[in-house]
Amino acid sequence: MKLAPDAMIARAKVAGYLLEWRPENDKSQFLGSAGYTVAQADQLVDDIRAQLLPVEALFEETNDYGTKYRISGTLIGPNGRRLQVESIWMVEAANGLTKFITLYPTKGV
């Protein structure tokens, strides 16, 4: 299944969660290895939309809030480095909107 091309990707989540160092479940160093920093948050949003969103989404689960999907793919950063990632998306039950939830490194790669 392909998810909606106009899915919501919150810049605040990208800048304040994915690209900001955290003591647990930090993703900023992983994304930083491809050249992403807080200053490139808009670039990461654009790259997620252009490079991951068009890829086939796989059903994960349905809960009270909506249906979750996973997109596995390659994210090519500003410095040209390729990252194998998993991204999680939700189609909300209440309004049918598709939203980006998170992104993390593909395990075992």
# chains A, B, ... in the order shown; residues from 1 in each chain; ligands from 1
>>> residues_around(residues="segment 91-105 of chain A", least_positions_apart="4", cutoff="7 Å", atoms="only C-alpha atoms", output="list in words")
Ala4, Ala7, Met8, Ile9, Lys27, Tyr65, Gly66, Thr67, Lys68, Gln84, Val85, Glu86 and Ser87 of chain A
>>> closest_atom_pairs(of="segment 62-83 of chain A", to="segment 29-35 of chain A", cutoff="6 Å", atoms="only C-alpha atoms", output="CSV")
residue,atom,partner,partner_atom,distance
A:Gly77,CA,A:Ala34,CA,4.6
A:Pro78,CA,A:Gly35,CA,5.3
A:Asn79,CA,A:Gly35,CA,5.2
A:Arg81,CA,A:Ala34,CA,4.9
>>> select_by_dssp(residues="chain A", states="alpha helix (DSSP H)", output="ChimeraX atom specification")
/A:11-13,28-32,41-47
>>> write_last_selection(atoms="N, CA and C atoms", output="JSON list (two decimals), in the first residue's frame")
[["chain", "number", "residue", "atom", "x", "y", "z"],
["A", 11, "ARG", "N", 7.66, 19.19, 11.57],
["A", 11, "ARG", "CA", 9.03, 19.68, 11.66],
["A", 11, "ARG", "C", 9.51, 19.68, 13.11],
["A", 12, "ALA", "N", 8.62, 20.01, 14.04],
["A", 12, "ALA", "CA", 9.00, 20.04, 15.46],
["A", 12, "ALA", "C", 9.44, 18.66, 15.94],
["A", 13, "LYS", "N", 8.80, 17.61, 15.47],
["A", 13, "LYS", "CA", 9.20, 16.26, 15.85],
["A", 13, "LYS", "C", 10.57, 15.93, 15.26],
["A", 28, "SER", "N", 19.97, 11.13, 16.77],
["A", 28, "SER", "CA", 20.68, 12.28, 16.19],
["A", 28, "SER", "C", 22.07, 11.89, 15.67],
["A", 29, "GLN", "N", 22.78, 11.02, 16.37],
["A", 29, "GLN", "CA", 24.11, 10.63, 15.89],
["A", 29, "GLN", "C", 24.01, 9.80, 14.62],
["A", 30, "PHE", "N", 23.04, 8.90, 14.57],
["A", 30, "PHE", "CA", 22.81, 8.09, 13.37],
["A", 30, "PHE", "C", 22.50, 9.00, 12.18],
["A", 31, "LEU", "N", 21.55, 9.92, 12.36],
["A", 31, "LEU", "CA", 21.19, 10.83, 11.27],
["A", 31, "LEU", "C", 22.31, 11.82, 10.98],
["A", 32, "GLY", "N", 23.05, 12.20, 12.02],
["A", 32, "GLY", "CA", 24.19, 13.10, 11.83],
["A", 32, "GLY", "C", 25.27, 12.50, 10.95],
["A", 41, "ALA", "N", 16.81, 20.39, 9.57],
["A", 41, "ALA", "CA", 15.53, 19.73, 9.85],
["A", 41, "ALA", "C", 14.60, 19.77, 8.65],
["A", 42, "ASP", "N", 14.53, 20.90, 7.97],
["A", 42, "ASP", "CA", 13.65, 20.99, 6.79],
["A", 42, "ASP", "C", 14.12, 20.05, 5.69],
["A", 43, "GLN", "N", 15.42, 19.90, 5.55],
["A", 43, "GLN", "CA", 15.97, 18.97, 4.55],
["A", 43, "GLN", "C", 15.57, 17.54, 4.89],
["A", 44, "LEU", "N", 15.64, 17.19, 6.18],
["A", 44, "LEU", "CA", 15.24, 15.83, 6.57],
["A", 44, "LEU", "C", 13.75, 15.61, 6.31],
["A", 45, "VAL", "N", 12.92, 16.59, 6.62],
["A", 45, "VAL", "CA", 11.49, 16.48, 6.32],
["A", 45, "VAL", "C", 11.29, 16.24, 4.82],
["A", 46, "ASP", "N", 11.94, 17.04, 3.99],
["A", 46, "ASP", "CA", 11.83, 16.90, 2.54],
["A", 46, "ASP", "C", 12.33, 15.55, 2.07],
["A", 47, "ASP", "N", 13.44, 15.08, 2.65],
["A", 47, "ASP", "CA", 14.01, 13.79, 2.23],
["A", 47, "ASP", "C", 13.13, 12.62, 2.66]]
>>> closest_residue(among="A:Thr37, A:Gly80, A:Leu3, A:Arg70", to="Gly16 of chain A", atoms="only C-alpha atoms")
A:Thr37
>>> atom_distance(atom1="atom CA of Asn25 of chain A", atom2="atom CA of Gly108 of chain A")
16.4 Å
>>> atom_distance(atom1="atom CA of Leu53 of chain A", atom2="atom CA of Tyr36 of chain A")
18.3 Å
>>> atom_distance(atom1="atom CA of Glu60 of chain A", atom2="atom CA of Glu24 of chain A")
23.7 Å
>>> select_by_dssp(residues="chain A", states="strand (DSSP E or B)", output="ChimeraX atom specification")
/A:8,58-63,66-76,82-92,98-105
>>> write_last_selection(atoms="C-alpha atoms", output="CSV table (one decimal), in the first residue's frame")
chain,number,residue,atom,x,y,z
A,8,MET,CA,1.9,15.2,7.8
A,58,LEU,CA,3.5,-2.5,5.3
A,59,PHE,CA,0.7,-2.9,7.8
A,60,GLU,CA,1.9,-3.1,11.4
A,61,GLU,CA,-1.2,-2.9,13.6
A,62,THR,CA,-4.5,-1.2,14.3
A,63,ASN,CA,-5.4,0.3,17.7
A,66,GLY,CA,-5.6,4.3,13.9
A,67,THR,CA,-3.6,2.0,11.7
A,68,LYS,CA,0.2,1.9,11.8
A,69,TYR,CA,2.3,1.2,8.8
A,70,ARG,CA,6.1,0.7,8.4
A,71,ILE,CA,8.1,1.9,5.5
A,72,SER,CA,11.6,0.4,5.1
A,73,GLY,CA,14.0,2.2,2.8
A,74,THR,CA,17.2,4.1,2.1
A,75,LEU,CA,17.6,7.7,3.2
A,76,ILE,CA,20.4,9.5,1.4
A,82,ARG,CA,23.0,6.2,2.6
A,83,LEU,CA,21.1,5.1,5.8
A,84,GLN,CA,18.9,2.0,6.0
A,85,VAL,CA,15.9,3.1,8.0
A,86,GLU,CA,12.5,2.0,9.2
A,87,SER,CA,9.8,4.7,9.4
A,88,ILE,CA,6.5,4.4,11.2
A,89,TRP,CA,3.4,6.1,10.1
A,90,MET,CA,-0.2,6.2,11.3
A,91,VAL,CA,-3.5,6.7,9.4
A,92,GLU,CA,-5.6,8.2,12.2
A,98,THR,CA,-1.7,10.1,7.6
A,99,LYS,CA,1.1,11.2,10.1
A,100,PHE,CA,4.8,10.4,10.4
A,101,ILE,CA,5.5,8.9,13.8
A,102,THR,CA,9.2,8.1,13.9
A,103,LEU,CA,12.3,6.8,12.2
A,104,TYR,CA,15.1,4.5,13.3
A,105,PRO,CA,18.0,2.5,11.9
